[in-house]
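Engineer: Sharing a structure below in C-alpha cells format, with a few things to ask.
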Amino acid sequence: MNLYHTLTQPESVQTLTASARQLREQHAGFAAWAAGCGVICHSDKTQVQVAALAAELLAAGHIADVGECYQALSALDRLTNQAMWLVVHMTYAKNVFLDGRDMQPDDFKRDPQGHTGGSLNMVPAYAGMLALNRLTGQPRDWLMGQGHCVAAVDALQLLTGTALPERRQQYPLNDEGLSRFSRDFYNYRVRPDGKPLSPLGSHVNVHTAGARIEGGYLGFAGLQYVHQPLPGARLVAFLSDGAFEEQRGSDWAARWWRAEDTGLVSPVMIANGRRIDQRTTVAQQGGSEWFVEHLRHQGFAPFVIDGRDPAAFVCAIFAMEQELQRLGAAVQRGDSRYPVALPYCIAETIKGYGFPGAGTNAAHGLPLGSNPRRDAEALRFFHKGAKALWQEEQQWRAAVAELRQPKTPVTPVAVTVNRHDPHWHKDNISPMAALDGYFVDLIEVNPQLRVRVGNPDELSSNRMNQTLDHLKHRVTDPEDGVAEAVDGAVITALNEEAVVSACLANQAGLNMVVSYEAFSTKMQGALRQSIIFSRHQKEANDPASWLGVPVISTSHLWENGKNEQSHQDPSLAEALLGEMSDMARVVFPADGNSAMACLKACYGDLGAVWNLVVPKSVVPTVFDGKQAAALVRDGAICVRGHCGADLQLVACGAFQLQQALKASDRLQQRGVAHSLIYLLEPGRFRIARDAHEAEIMADASVLESLFPARVQGRVLLTHTRPEVLLGHARLLDLGPARTVALGYVNQGGTLDTEGLLFANHCTWADALAALARLAGQPPQQWLSAEEWAAIQGEGDPYQVIKHPYPDGL
C-alpha cells in the first residue's frame with residue numbers, strides 16, 4: 001500500500017491490528033523495532049506506515065533491504081530517548097552523568113529554567129527528520145516556529161555531531177562536557193563586553209546549526225516556510241498549535257506554492273493542545289478533528305500522526321515530499337492545476353510527553369512543579385522520569401553511528417546581484433514611479449534571482465505599474481484583463497505580516513515590500529526578528545548572505561490626509577531608527593534620483609532591512625545622479641548656501657525639503673546668510689552604540705563640513721515626530737537654545753498635504769519663525785504681518801499654504 005495512503009486514509013482497528021501482527025511475524029528486525037524502547041511505543045497504525053515506508057525507500061533505491069530501514073528506526077528510538085533525557089537535564093541539572101546514576105540534591109540547579117514540555121515534544125520530530133536524512137541520503141533544511149523549544153535541537157545536534165564545530169569542541173560528549181552544556185543552557189552570565197557568556201540561549205540562535213530564525217515571535221515561521229526553499233531544496237517546518245492562533249496568514253500557504261520556483265515544503269504541526277497556562281483554541285474548538293476540517297477549507301491535505309513516535313515523523317515527512325512531487329509533476333504535465341492540496345502533518349501529542357507532569361500547565365516550563373534540589377518528591381519524580389529515558393552510552397553512540405548524516409552541499413557565501421546605475425531623471429517625477437522603472441531594470445538583468453514583491457494592497461495606486469505588469473499578482477485563477485498569473489511573483493494579501501514574510505523568507509532572491517506607511521507598522525515584529533538574527537550572525541563573524549530587503553513606506557503621512565489620521569503614522573520609521581543602524585537603514589529620499597540611489601545601495605548591502613520612506617506624488621527633481629549617489633554615500637548633502645553661516649535649515653523628508661526651500665527663498669530675498677542641508681539617513685548621525693554601528697556612521701569630515709558646531713541656530717524639518725529625530729540624530733542637536741525640530745505632532749484629519757503641514761506647525765513660515773527666535777530676531781523681520789498671524793493661529797492659513805480650491809469648489 002502507498003505510504004501517503006496509509007497516512008491519509010482511515011483503516012479499521014481490526015485491519016491495522018491484523019496487518020501489524022503479520023508484519024511482526026514476517027520480519028524479526030521489524031518486530032524488534034515494533035517492541036518500542038524507553039518511553040517510545042509504536043501503534044499498530046504507525047507500524048503499518050513504517051512497512052510502507054520501507055517498501056518505498058527500497059523501491060527508490062535509498063536502502064539495500066527493508067531491514068536497513070528497521071535498523072535505522074530502532075536506532076532512532078534510542079537516540080530520541082537519550083535526547084529527551086538530556087533535555088530534562090538541561091532544564092534541571094548542573095551535573096550530568098552518562099551512567100544514569102541517581103543524583104543528589106546538590107547536582108541540580110538553584111534556578112531551573114526551560115520550556116521543557118515543548119522541547120520534549122520537539123525531540124521526536126527533529127530526530128525523525130535526522131533519521132529520514134540518513135535513510136534518503138538527502139539533507140533537509142528546517143524552520144522551527146516554537147524557538148523556545150531549542151533545547152531539543154541543541155541536544156540532538158550535540159549528540160549526533162551535527163552541531164557547529166565550535167560547539168562540539170566546547171562540549172565533548174562526556175560527563176564534564178555535558179555538565180558544562182547543561183549549566184550553560186539558560187545561563188544568565190554576561191561577558192565583559194556585555195554579550196551573553198553562553199552560546200546556548202532560551203531560543204534558537206545563530207549558534208544553532210542550520211538556524212534561520214529565532215522563532216521567538218510566534219507565528220512567523222508559519223508565514224515564511226512556503227516561500228523559503230528554492231527548487232531542489234527540502235524544508236521541514238516545525239510549527240505549533242499555539243502559534244497558529246497568532247498569525248492566521250499561514251492558512252494561505254497552499255495558495256502560494258509552485259513547483260516551478262519553490263522546493264519541497266513539509267509543514268509539521270506539533271499539536272500538544274496547550275499554551276502557557278491554558279488549552280489552545282484548536283483544542284477548545286474540537287482538537288485535531290476541527291483543525292483537519294479547517295485546513296481542508298484552506299486548501300491543505302491534512303492528516304494526523306502519533307506525535308509521540310519519532311518513526312511517525314519519518315513516515316510523514318517522506319510521504320509529504322513524495323506527494324508534493326507527484327502533485328507538482330501532474331500540474332507540469334497539464335493533468336492538474338494550482339493550487340495543489342498541500343500536505344500538512346498534525347502530530348498529536350501531549351505537552352511534555354515522556355516525563356512526569358506531562359499534559360499539565362506546569363509542563364510548559366518546569367513539569368515537576370518544584371525543584372529537585374529542595375523537594376524530595378520532585379527529586380523522586382525526576383529519577384523516575386530520567387530512568388525511563390536513559391540509554392546505555394554504548395547503545396546511544398551506536399545509534400548515532402547508525403544515523404550518520406549526509407553532507408550538506410556547500411552554498412555560496414552570499415547572494416550576488418548585478419546593480420547598474422539607474423537612468424537618472426531630469427524632469428519632475430513621482431519617486432515611486434522612478435523606483436518602479438529601476439526595479440524592473442534590475443529584475444531583467446538578474447534573471448538568476450527569484451523575485452518576490454510583498455504587497456498588502458494597491459500596488460498600482462502606489463505607482464508600481466511596470467512592476468505589476470512585469471511580475472503580476474500570484475493567484476490560482478487569473479482574471480482576464482488583470483495583472484494576474486499563476487506564476488506571478490507579487491504576493492498580495494490584506495495582511496502585512498504575511499506579505500513581508502514572503503520577502504524575508506526569500507533569502508536567495510531579490511525582494512521588495514511596498515506598503516502604505518501607516519500600515520507598514522504592522523510589519524515591525526517580522527522585520528525585527530530578521531534584523532536581530534542577522535545582527536547576531538554578524539557578531540558571530542558569520543554574516544547573513546541575503547541581499548538587503550527594501551521596505552518601502554509610501555502613500556505616507558504627509559500625502560495621506562484624505563484618509564483621516566489613522567493613515568498618518570510615521571511609526572515604522574521611528575521604530576526602525578531605534579534598531580542598530582547598520583541593520584535597519586531608515587532613509588528619506590527627496591526625489592526620484594535619490595530614491596533610486598537608495599535602492600541600488602540597499603541591494604548592495606547584505607543582511608539588512610532598508611526602510612525607504614518615499615512619496616508617490618510627483619515632486620521636483622532636486623538632485624542629479626552624482627548628487628544622489630553622494631547623498632547616499634554621506635547620509636546628507638548641502639543643497640544651498642555655505643555651511644559656515646550662522647543659520648542653518650535641515651530637511652529630512654521630501655515635503656520637508658520643499659518647505660525648507662521656500663524658507664530659504666525668503667532668506668535669500670532678505671539677504672540673510674544661511675545654509676540648507678538635506679538629511680537622508682538620520683541614523684548615521686547618532687552616537688554609535690557599538691563598534692559595528694560605528695562602522696556606518698557618517699564620516700567625521702562630513703559631520704564637520706555639513707553640520708559645523710559653530711552654527712548658532714539650526715532648525716530641522718522632519719518627516720517624523722521631532723523628538724524622534726533629535727533623539728536619534730543626537731550629533732545634530734546643539735541644545736535647546738540653538739536647535740529646534742519641527743515635524744509631526746499628532747495633528748491631522750481629512751486634510752491635504754499643505755493642510756497637514758500647517759496643522760503640525762512645520763510649514764516654511766514656522767521654520768523661519770523658529771530660526772528667527774534662535775537668532776534673537778523678531779519673526780516679523782522675515783514674515784509679513786499676515787503670515788505671522790497665520791502661524792499664530794490668528795489669521796488666514798492660506799497666507800502661508802496653498803488653498804486646496806483656488807478656483808472654488
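Following the order of the C-alpha cells, chains are lettered A, B, ..., residues in each are numbered from 1, and ligands are numbered from 1.
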Need to verify the contact set: Val650 (chain A), 12 Å, only C-alpha atoms, exclusion of same-chain residues closer than 5 positions in sequence. Can you return it as a PyMOL selection string?

Structural biologist: chain A and resi 636-641+643+656-661+663-664+674-680+682+706-707+711+713-719+725-726+729+732-733+739-743+764+767-768+771

Engineer: Each residue of region 91-203 of chain A lying at most 8 Å from region 398-422 of chain A should get a row with its shortest atom-to-atom pair and the distance in Å to one decimal, counting only C-alpha atoms; could you produce that, ordered by chain and increasing number, as a tab-separated table?

Structural biologist:
residue	atom	partner	partner_atom	distance
A:Leu130	CA	A:Gln405	CA	7.1
A:Ala131	CA	A:Leu403	CA	6.0
A:Asn133	CA	A:Gln405	CA	6.4
A:Arg134	CA	A:Gln405	CA	5.3
A:Gly137	CA	A:Pro406	CA	5.5
A:Gln138	CA	A:Pro406	CA	6.2
A:Pro139	CA	A:Thr408	CA	5.9
A:Leu159	CA	A:Val400	CA	7.3
A:Thr160	CA	A:Val400	CA	5.5
A:Thr162	CA	A:Gln405	CA	7.8

Engineer: For the structure I just gave you, how does DSSP split region 3-155 of chain A - specifically, which residues are alpha helix (DSSP H)? Reply as an MDAnalysis selection string.

Structural biologist: chainID A and resid 3:8 13:26 28:34 44:59 66:92 116:136 150:155

Engineer: Taking only C-alpha atoms into account, which of A:Pro302, A:Val724, A:Ala54, A:Leu120 comes nearest Thr8 (chain A)?

Structural biologist: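 That would be A:Pro302, the residue with the smallest distance to Thr8 (chain A).
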
Engineer: Near Thr46 (chain A), within 9 Å and counting only C-alpha atoms, which residues show up once chain neighbours fewer than 5 positions away are dropped, as a list in words?

Structural biologist: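 Returned residues: Leu7, Ala20, Ala51, Ile305, Asp306, Asp309, Ala311, Ala312 and Cys315 of chain A.
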
Engineer: Could you find all residues in region 730-780 of chain A that DSSP calls strand (DSSP E or B) from the backbone, and write them as an NGL selection string?

Structural biologist: :A and (739-742)

Engineer: Neighbouring residues of Pro550 (chain A) were defined as those with any atom within 7 Å, considering only C-alpha atoms; residues of the same chain fewer than 5 positions away were excluded. Please report them as a list in words.

Structural biologist: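 Once the nearby chain positions are removed, what remains is Met512, Val513, Cys602, Val609, Trp610, Asn611 and Leu612 of chain A.
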
Engineer: Would you work out the distance separating CA of Ala363 (chain A) from CA of Trp396 (chain A), expressed in Å to one decimal?

Structural biologist: 25.9 Å

Engineer: Using Å and a single decimal, report how far CA of Ile531 (chain A) sits from CA of Pro589 (chain A).

Structural biologist: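 If I compute the distance from CA of Pro589 (chain A) to CA of Ile531 (chain A), I get 21.7 Å.
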